[in-house]
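J.: My file is model-v3.tsv. It has TSV, C-alpha atoms:
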```tsv
chain	number	residue	atom	x	y	z
L	14	MET	CA	-118.29	243.27	-9.17
L	15	THR	CA	-116.54	242.78	-12.53
L	16	GLU	CA	-118.56	243.94	-15.51
L	17	ILE	CA	-119.83	241.09	-17.71
L	18	ASN	CA	-117.94	240.61	-20.98
L	19	ASN	CA	-120.39	239.44	-23.67
L	20	LYS	CA	-117.71	238.11	-26.02
L	21	TRP	CA	-116.71	234.49	-26.22
L	22	LEU	CA	-113.24	233.64	-24.94
L	23	VAL	CA	-111.70	231.04	-27.25
L	24	VAL	CA	-109.14	228.90	-25.41
L	25	VAL	CA	-106.84	227.20	-27.90
L	26	ASN	CA	-104.59	224.27	-27.02
L	27	PRO	CA	-102.06	224.40	-29.89
L	28	MET	CA	-100.66	220.97	-28.97
L	29	ALA	CA	-103.96	219.07	-29.25
L	30	SER	CA	-104.02	216.21	-31.76
L	31	VAL	CA	-100.23	216.24	-32.08
L	32	GLY	CA	-100.17	219.94	-33.02
L	33	LYS	CA	-103.10	219.93	-35.45
L	34	SER	CA	-104.98	222.43	-33.29
L	35	GLY	CA	-102.19	225.00	-33.55
L	36	ARG	CA	-101.74	224.46	-37.27
L	37	ASP	CA	-105.46	224.78	-37.95
L	38	TRP	CA	-106.12	227.71	-35.63
L	39	PRO	CA	-105.80	230.42	-38.37
L	40	LEU	CA	-108.48	228.60	-40.41
L	41	ILE	CA	-110.71	228.09	-37.35
L	42	LYS	CA	-110.33	231.72	-36.35
L	43	GLN	CA	-111.39	232.91	-39.78
L	44	THR	CA	-114.32	230.48	-39.73
L	45	LEU	CA	-115.58	231.96	-36.45
L	46	ILE	CA	-115.15	235.49	-37.83
L	47	ASN	CA	-117.05	234.57	-41.00
L	48	GLU	CA	-119.92	233.30	-38.86
L	49	GLY	CA	-120.13	236.67	-37.08
L	50	ILE	CA	-119.09	235.32	-33.67
L	51	GLU	CA	-117.53	237.99	-31.44
L	52	PHE	CA	-114.60	236.60	-29.48
L	53	ASP	CA	-111.20	237.07	-27.95
L	54	ASP	CA	-108.68	234.26	-28.10
L	55	VAL	CA	-105.79	232.96	-26.05
L	56	MET	CA	-103.28	230.12	-26.52
L	57	THR	CA	-102.35	227.73	-23.72
L	58	GLU	CA	-98.61	227.42	-23.10
L	59	TYR	CA	-98.27	224.48	-20.72
L	60	PRO	CA	-100.32	221.69	-19.10
L	61	ARG	CA	-103.25	222.96	-16.96
L	62	HIS	CA	-102.71	226.50	-18.24
L	63	ALA	CA	-106.32	226.60	-19.48
L	64	ILE	CA	-107.53	226.14	-15.89
L	65	GLU	CA	-105.74	229.33	-14.86
L	66	ILE	CA	-106.83	231.22	-17.98
L	67	VAL	CA	-110.52	230.42	-17.59
L	68	ARG	CA	-110.66	230.97	-13.84
L	69	ASN	CA	-109.00	234.39	-14.17
L	70	ALA	CA	-111.16	235.27	-17.19
L	71	ILE	CA	-114.32	234.74	-15.14
L	72	VAL	CA	-113.16	236.42	-11.94
L	73	GLU	CA	-111.11	239.32	-13.30
L	74	LYS	CA	-112.41	239.96	-16.83
L	75	GLY	CA	-116.09	239.05	-16.64
L	76	TYR	CA	-116.22	236.36	-19.35
L	77	ARG	CA	-119.22	234.04	-19.19
L	78	LYS	CA	-118.86	232.18	-22.52
L	79	PHE	CA	-115.99	229.91	-23.51
L	80	ILE	CA	-115.04	227.93	-26.61
L	81	SER	CA	-112.58	225.10	-26.07
L	82	VAL	CA	-110.39	224.41	-29.13
L	83	GLY	CA	-108.70	221.03	-28.71
L	84	GLY	CA	-109.63	217.61	-27.40
L	85	ASP	CA	-111.20	216.12	-24.29
L	86	GLY	CA	-108.20	217.14	-22.19
L	87	THR	CA	-108.65	220.78	-23.21
L	88	ASN	CA	-112.36	220.55	-22.41
L	89	ASN	CA	-111.43	219.14	-19.01
L	90	GLU	CA	-109.13	222.04	-18.22
L	91	VAL	CA	-111.74	224.61	-19.26
L	92	ILE	CA	-114.32	222.84	-17.06
L	93	ASN	CA	-111.93	222.88	-14.10
L	94	GLY	CA	-111.28	226.58	-14.62
L	95	ILE	CA	-115.04	227.17	-14.47
L	96	PHE	CA	-115.66	224.97	-11.43
L	97	THR	CA	-112.70	226.11	-9.32
L	98	GLN	CA	-113.92	229.71	-9.14
L	99	ASP	CA	-116.68	230.96	-6.88
L	100	ALA	CA	-117.26	234.45	-8.29
L	101	VAL	CA	-120.38	233.39	-10.23
L	102	PRO	CA	-122.62	230.29	-10.29
L	103	THR	CA	-121.52	227.80	-12.93
L	104	THR	CA	-125.08	227.73	-14.26
L	105	GLU	CA	-124.41	231.25	-15.56
L	106	ILE	CA	-121.54	229.95	-17.72
L	107	THR	CA	-121.88	228.69	-21.31
L	108	MET	CA	-119.30	226.46	-22.95
L	109	ALA	CA	-118.88	225.31	-26.54
L	110	THR	CA	-116.25	223.06	-28.11
L	111	MET	CA	-114.36	222.98	-31.39
L	112	PRO	CA	-113.24	219.33	-31.28
L	113	ILE	CA	-109.78	218.57	-32.65
L	114	GLY	CA	-108.06	216.25	-30.18
L	115	THR	CA	-107.11	212.57	-30.34
L	116	GLY	CA	-110.07	211.08	-28.47
L	117	ASN	CA	-112.93	213.53	-28.98
L	118	ASP	CA	-115.18	211.35	-26.84
L	119	TRP	CA	-117.50	213.99	-25.37
L	120	ARG	CA	-118.63	215.27	-28.76
L	121	ARG	CA	-119.63	211.73	-29.87
L	122	THR	CA	-122.56	211.57	-27.43
L	123	PHE	CA	-124.01	214.70	-29.03
L	124	ASP	CA	-123.03	213.93	-32.64
L	125	ILE	CA	-121.04	217.15	-32.86
L	126	PRO	CA	-119.24	217.09	-36.24
L	127	LEU	CA	-115.54	217.68	-36.90
L	128	GLU	CA	-116.04	220.18	-39.75
L	129	TYR	CA	-115.04	223.61	-38.44
L	130	ASP	CA	-117.61	225.56	-40.46
L	131	VAL	CA	-120.47	223.34	-39.26
L	132	VAL	CA	-119.39	223.63	-35.63
L	133	ALA	CA	-119.14	227.42	-35.99
L	134	LYS	CA	-122.77	227.48	-37.15
L	135	ILE	CA	-123.80	225.38	-34.13
L	136	ILE	CA	-122.03	227.83	-31.82
L	137	LYS	CA	-123.65	230.78	-33.57
L	138	ALA	CA	-127.10	229.17	-33.19
L	139	GLY	CA	-126.43	228.98	-29.46
L	140	HIS	CA	-128.70	226.07	-28.49
L	141	THR	CA	-127.66	225.02	-24.98
L	142	PHE	CA	-128.10	221.89	-22.91
L	143	SER	CA	-128.05	221.83	-19.08
L	144	HIS	CA	-125.26	219.31	-18.55
L	145	ASP	CA	-124.35	217.33	-15.44
L	146	ILE	CA	-120.75	217.50	-14.19
L	147	GLY	CA	-118.80	214.81	-12.38
L	148	LYS	CA	-116.72	215.66	-9.33
L	149	LEU	CA	-113.84	213.35	-8.40
L	150	THR	CA	-111.87	213.30	-5.16
L	151	TYR	CA	-108.58	211.38	-5.35
L	152	TYR	CA	-105.34	211.44	-3.38
L	153	ASN	CA	-101.86	212.81	-4.00
L	154	ASP	CA	-99.31	211.68	-1.39
L	155	GLY	CA	-102.13	211.33	1.11
L	156	ASP	CA	-103.66	214.73	0.40
L	157	PRO	CA	-107.18	214.85	-1.11
L	158	LYS	CA	-107.45	216.57	-4.49
L	159	ILE	CA	-110.51	217.46	-6.56
L	160	ARG	CA	-110.99	217.23	-10.31
L	161	TYR	CA	-114.18	217.96	-12.25
L	162	PHE	CA	-115.08	216.24	-15.52
L	163	LEU	CA	-117.55	216.74	-18.33
L	164	ASN	CA	-117.44	213.31	-19.90
L	165	ALA	CA	-115.81	210.40	-18.06
L	166	ALA	CA	-113.10	209.05	-15.79
L	167	GLY	CA	-111.48	205.65	-15.56
L	168	THR	CA	-109.18	203.44	-13.52
L	169	GLY	CA	-107.39	200.13	-13.90
L	170	LEU	CA	-106.59	199.24	-17.50
L	171	ASP	CA	-108.36	202.42	-18.63
L	172	GLN	CA	-105.83	204.62	-16.80
L	173	MET	CA	-102.88	202.47	-17.84
L	174	VAL	CA	-103.87	202.77	-21.52
L	175	CYS	CA	-104.37	206.52	-21.07
L	176	ASN	CA	-100.85	206.85	-19.69
L	177	SER	CA	-99.39	204.80	-22.56
L	178	THR	CA	-101.30	206.84	-25.14
L	179	ASN	CA	-100.13	210.11	-23.59
L	180	MET	CA	-96.54	208.92	-23.89
L	181	MET	CA	-97.15	208.20	-27.57
L	182	LYS	CA	-98.56	211.70	-28.04
L	183	GLN	CA	-95.39	213.17	-26.56
L	184	GLN	CA	-93.50	211.27	-29.26
L	185	GLY	CA	-95.73	212.80	-31.95
L	186	LYS	CA	-97.86	209.68	-32.43
L	187	GLY	CA	-101.67	209.79	-32.22
L	188	GLY	CA	-104.91	208.37	-33.60
L	189	THR	CA	-107.25	205.44	-32.96
L	190	ILE	CA	-104.75	202.80	-34.18
L	191	ARG	CA	-102.18	204.02	-31.67
L	192	TYR	CA	-104.80	203.78	-28.94
L	193	LEU	CA	-105.60	200.17	-29.87
L	194	ILE	CA	-101.87	199.37	-29.83
L	195	SER	CA	-101.73	200.78	-26.30
L	196	VAL	CA	-104.71	198.62	-25.28
L	197	VAL	CA	-103.03	195.44	-26.55
L	198	LYS	CA	-99.70	196.26	-24.86
L	199	CYS	CA	-101.40	197.04	-21.57
L	200	LEU	CA	-103.57	193.92	-21.66
L	201	LEU	CA	-100.39	191.85	-21.84
L	202	THR	CA	-98.83	193.47	-18.76
L	203	TYR	CA	-101.73	194.66	-16.58
L	204	LYS	CA	-102.18	192.97	-13.21
L	205	VAL	CA	-105.75	192.83	-11.91
L	206	THR	CA	-106.57	194.74	-8.73
L	207	HIS	CA	-109.13	193.93	-6.05
L	208	ILE	CA	-111.59	196.75	-5.40
L	209	GLN	CA	-114.79	197.52	-3.56
L	210	ILE	CA	-117.40	199.77	-5.14
L	211	GLU	CA	-120.00	201.53	-3.02
L	212	ILE	CA	-122.87	203.30	-4.77
L	213	ASP	CA	-125.20	205.56	-2.82
L	214	ASN	CA	-123.98	204.03	0.48
L	215	GLN	CA	-124.42	200.41	-0.64
L	216	VAL	CA	-121.58	198.03	-1.52
L	217	VAL	CA	-122.38	196.61	-4.98
L	218	PHE	CA	-119.04	195.11	-6.04
L	219	ASP	CA	-116.18	193.35	-4.22
L	220	ASP	CA	-113.84	191.54	-6.62
L	221	GLN	CA	-110.86	191.86	-8.95
L	222	ILE	CA	-111.21	194.21	-11.92
L	223	LEU	CA	-109.59	194.81	-15.25
L	224	SER	CA	-111.10	198.27	-15.74
L	225	VAL	CA	-113.72	200.67	-14.37
L	226	SER	CA	-115.29	203.61	-16.24
L	227	VAL	CA	-117.41	206.28	-14.57
L	228	GLY	CA	-119.16	208.98	-16.55
L	229	ASN	CA	-121.94	211.29	-17.66
L	230	CYS	CA	-121.71	210.39	-21.34
L	231	ARG	CA	-121.47	207.26	-23.44
L	232	PHE	CA	-117.95	207.23	-24.90
L	233	ASN	CA	-114.45	206.93	-23.49
L	234	GLY	CA	-111.10	205.74	-24.75
L	235	GLY	CA	-111.13	207.13	-28.28
L	236	GLY	CA	-114.61	206.10	-29.40
L	237	MET	CA	-115.33	203.06	-27.23
L	238	MET	CA	-118.95	203.13	-26.02
L	239	MET	CA	-118.07	202.26	-22.45
L	240	MET	CA	-121.30	203.58	-20.91
L	241	PRO	CA	-123.96	203.05	-23.61
L	242	ASN	CA	-126.88	203.89	-21.32
L	243	ALA	CA	-125.49	207.14	-19.93
L	244	ILE	CA	-127.65	210.28	-20.10
L	245	PRO	CA	-125.78	213.55	-19.47
L	246	ASP	CA	-128.60	215.32	-17.63
L	247	ASP	CA	-130.25	212.56	-15.56
L	248	GLY	CA	-128.47	213.47	-12.32
L	249	GLN	CA	-126.61	210.15	-12.14
L	250	LEU	CA	-123.23	208.73	-13.05
L	251	ASP	CA	-123.00	205.49	-15.03
L	252	VAL	CA	-120.42	202.88	-14.00
L	253	THR	CA	-119.08	200.04	-16.16
L	254	VAL	CA	-116.95	197.39	-14.47
L	255	ILE	CA	-114.93	194.84	-16.46
L	256	ARG	CA	-113.38	191.85	-14.76
L	257	LYS	CA	-110.27	190.18	-16.17
L	258	VAL	CA	-110.71	189.29	-19.87
L	259	SER	CA	-108.18	187.44	-21.99
L	260	ILE	CA	-106.54	189.31	-24.85
L	261	PHE	CA	-108.14	186.84	-27.27
L	262	LYS	CA	-111.63	187.47	-25.92
L	263	PHE	CA	-111.01	191.22	-26.00
L	264	ALA	CA	-109.88	191.06	-29.63
L	265	ALA	CA	-112.95	189.01	-30.56
L	266	ASN	CA	-115.22	191.65	-29.01
L	267	VAL	CA	-113.59	194.88	-30.20
L	268	LYS	CA	-116.58	195.77	-32.38
L	269	ALA	CA	-118.95	195.18	-29.44
L	270	ILE	CA	-116.88	197.51	-27.27
L	271	TYR	CA	-117.14	200.26	-29.87
L	272	ASP	CA	-120.90	199.88	-30.35
L	273	GLY	CA	-121.73	199.33	-26.66
L	274	THR	CA	-123.17	195.83	-27.00
L	275	PHE	CA	-120.29	194.33	-24.97
L	276	ILE	CA	-122.19	195.07	-21.74
L	277	LYS	CA	-124.64	192.34	-22.76
L	278	LYS	CA	-122.25	190.01	-24.59
L	279	LEU	CA	-119.50	189.70	-21.97
L	280	LYS	CA	-120.33	187.98	-18.68
L	281	GLU	CA	-117.31	189.77	-17.17
L	282	VAL	CA	-119.10	193.13	-17.44
L	283	GLN	CA	-121.41	194.72	-14.87
L	284	THR	CA	-123.05	198.15	-15.02
L	285	TYR	CA	-124.37	200.42	-12.29
L	286	ARG	CA	-125.79	203.90	-11.87
L	287	GLY	CA	-125.84	206.31	-8.94
L	288	LYS	CA	-125.28	209.79	-7.55
L	289	HIS	CA	-122.29	208.94	-5.37
L	290	ILE	CA	-119.67	206.30	-6.18
L	291	LYS	CA	-116.83	205.31	-3.89
L	292	ILE	CA	-114.01	203.04	-5.09
L	293	VAL	CA	-111.53	201.54	-2.62
L	294	SER	CA	-108.58	199.44	-3.82
L	295	ILE	CA	-107.06	196.50	-1.97
L	296	PRO	CA	-104.24	197.12	-1.13
L	297	PRO	CA	-104.91	200.84	-0.53
L	298	HIS	CA	-103.62	203.48	-2.95
L	299	SER	CA	-102.81	200.82	-5.58
L	300	LEU	CA	-104.88	202.36	-8.39
L	301	LEU	CA	-104.41	205.53	-10.40
L	302	VAL	CA	-107.20	207.40	-12.21
L	303	GLU	CA	-107.64	209.45	-15.38
L	304	THR	CA	-110.23	212.04	-16.30
L	305	GLU	CA	-110.71	212.76	-19.99
L	306	GLY	CA	-107.19	211.70	-20.87
L	307	GLU	CA	-105.50	213.48	-17.96
L	308	ASP	CA	-103.48	211.22	-15.62
L	309	LEU	CA	-104.13	211.84	-11.93
L	310	ASN	CA	-103.04	210.11	-8.74
L	311	ASN	CA	-104.23	207.36	-6.50
L	312	SER	CA	-107.18	205.70	-4.77
L	313	PRO	CA	-109.48	205.78	-2.90
L	314	PHE	CA	-111.80	207.62	-5.32
L	315	ASP	CA	-115.01	209.44	-4.52
L	316	PHE	CA	-117.27	210.45	-7.39
L	317	GLU	CA	-120.36	212.62	-7.12
L	318	ILE	CA	-122.70	214.21	-9.62
L	319	LEU	CA	-123.44	217.92	-9.93
L	320	PRO	CA	-126.81	217.96	-11.73
L	321	LYS	CA	-127.34	220.37	-14.63
L	322	ALA	CA	-124.37	222.43	-13.53
L	323	ILE	CA	-123.32	224.08	-16.81
L	324	ASN	CA	-124.78	225.14	-20.16
L	325	MET	CA	-123.16	223.28	-23.07
L	326	VAL	CA	-123.72	224.31	-26.69
L	327	ILE	CA	-124.94	221.34	-28.76
L	328	PRO	CA	-126.86	220.81	-32.02
L	329	LYS	CA	-130.55	221.50	-31.40
L	330	ASP	CA	-131.80	218.20	-32.82
L	331	ASN	CA	-129.44	216.25	-30.54
L	332	GLY	CA	-130.98	217.81	-27.46
L	333	GLN	CA	-134.31	216.41	-28.62
L	334	LYS	CA	-132.76	212.96	-29.11
L	335	THR	CA	-131.32	213.05	-25.59
L	336	GLN	CA	-134.73	213.87	-24.12
L	337	LYS	CA	-136.35	210.97	-26.01
L	338	LYS	CA	-133.67	208.60	-24.71
L	339	LYS	CA	-134.19	209.84	-21.15
L	340	ASN	CA	-137.94	209.27	-21.45
L	341	ARG	CA	-137.33	205.75	-22.76
L	342	PHE	CA	-135.10	204.83	-19.80
L	343	LYS	CA	-137.67	206.30	-17.41
L	344	LYS	CA	-140.33	203.99	-18.85
L	345	ILE	CA	-138.00	200.97	-18.59
L	346	LYS	CA	-137.29	201.80	-14.94
L	347	GLN	CA	-141.01	202.08	-14.18
L	348	LEU	CA	-141.67	198.70	-15.82
L	349	ASN	CA	-138.89	197.11	-13.75
L	350	ILE	CA	-140.39	198.54	-10.56
L	351	LYS	CA	-143.82	197.10	-11.44
L	352	LYS	CA	-142.29	193.67	-11.98
```
Rewrite the structure from the file as structure tokens, please.

T.:
Amino acid sequence: MTEINNKWLVVVNPMASVGKSGRDWPLIKQTLINEGIEFDDVMTEYPRHAIEIVRNAIVEKGYRKFISVGGDGTNNEVINGIFTQDAVPTTEITMATMPIGTGNDWRRTFDIPLEYDVVAKIIKAGHTFSHDIGKLTYYNDGDPKIRYFLNAAGTGLDQMVCNSTNMMKQQGKGGTIRYLISVVKCLLTYKVTHIQIEIDNQVVFDDQILSVSVGNCRFNGGGMMMMPNAIPDDGQLDVTVIRKVSIFKFAANVKAIYDGTFIKKLKEVQTYRGKHIKIVSIPPHSLLVETEGEDLNNSPFDFEILPKAINMVIPKDNGQKTQKKKNRFKKIKQLNIKK
């Protein structure tokens, strides 16, 4: 049995946010030192390198605490390093984030700031939240593959925009405006796909879609509140389905998409919630999927929830807000049952 290492392992993606993470790392490192946080650090060198780093750090070096420095994609790799090892239960692992990337969607649900010194204080305080994790099974040339996610996944237009945005990042272009440009370009060329959605063994949707988002948390796509009712420790995944919408209608409702009110304003939108979600495309294998900005392969997709599977460091007051929101939704559900 490997001896436990009580230091944090800081996993830095120097390419996050078009290289900002690498440029700012000396400042971030000094900020962590100033806060009295004991840590070792390592730089990723290629895509999915963080998965290998974290998995080996747990199994061979005894690390149990990780800080992800980068964006949602870096978080995703750290999560997959944690969940693809079986040396220790994931509930014994603690993860914190220093958000720098282009999207930064996970941190929005918990109101985690972007100021490095403030985040360092949050990490030092060490308040943790028992966070659900999503597990996705997809296919690569007919072979099933598994990917875990902290925040959200998406298919249809969502994945197409993700792919376009990633290409822009490779050209050194990033930011919210670039993401919106990708959305507009993809809306003009995207062809709707027929899908069936099964939630907890019941078919709930059988129609053409523009986009589908599945997640634990509220935001996806660079600040869009795609799942405004999501609660990251309720043991369920939230699903938002959007049927075909014209580019003009989309443009007229951009604000509603960012504040989450679009689920009530647009008749083309339906929302669901469940522990197990299965998505089948017609024709088969005609959809691709993304998880937290990482392009993956094709349908069918099986999503399941792993309840309270990891300890995430968040601001203490936000944990209280999340509990209040969960209580409110519980009351609403009880009222609906009584009706």

J.: Go through L:Thr44, L:Thr141, L:Thr104, L:Asn19 one by one, measure the shortest atom-to-atom distance of each to Lys74 (chain L) using all atoms listed in the file, and give the residue with the smallest value.

T.: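 Answer, going by the shortest atom-to-atom distance: L:Asn19.
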
J.: State, in Å with one decimal place, the distance from CA of Phe52 (chain L) to CA of Gly306 (chain L).

T.: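 It comes out at 27.4 Å.
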
J.: Hey, which of L:Ile270, L:Ile113, L:Leu223, L:Ile17 ends up closest to Leu200 (chain L)? Count only C-alpha atoms.

T.: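 Between L:Ile270, L:Ile113, L:Leu223, L:Ile17, the residue approaching Leu200 (chain L) most closely is L:Leu223.
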
J.: For each of L:Met173, L:Ile260, L:Val217, L:Ile327, take the minimum atom-to-atom distance to Val131 (chain L), counting all atoms listed in the file, then give the residue where this is smallest.

T.: L:Ile327

J.: Got a sec: who's within 12 Å of Arg36 (chain L), counting all atoms listed in the file, leaving out chain neighbours fewer than 2 positions off, as a list in words?

T.: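 Residues meeting the cut-off are Val25, Asn26, Pro27, Met28, Ala29, Ser30, Val31, Gly32, Lys33, Ser34, Trp38, Pro39, Leu40, Ile41, Lys42, Val82, Gly83 and Ile113 of chain L.
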
J.: For Val282 (chain L), which residue out of L:Ser224, L:Glu317, L:Glu48, L:Asp251 is the nearest one, using only C-alpha atoms?

T.: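 The closest residue to Val282 (chain L) is L:Ser224.
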
J.: Give me, as number ranges by chain, all polymer residues having an atom no more than 8 Å from Asn229 (chain L), counting all atoms listed in the file and skipping those fewer than 2 positions away in the same chain.

T.: L: 145-147, 163-165, 227, 231, 243-246, 249-251

J.: Just give me the gap between CA of Asn324 (chain L) and CA of Gly139 (chain L) in Å, one decimal is fine.

T.: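 Rounded to one decimal, the two atoms are 10.2 Å apart.
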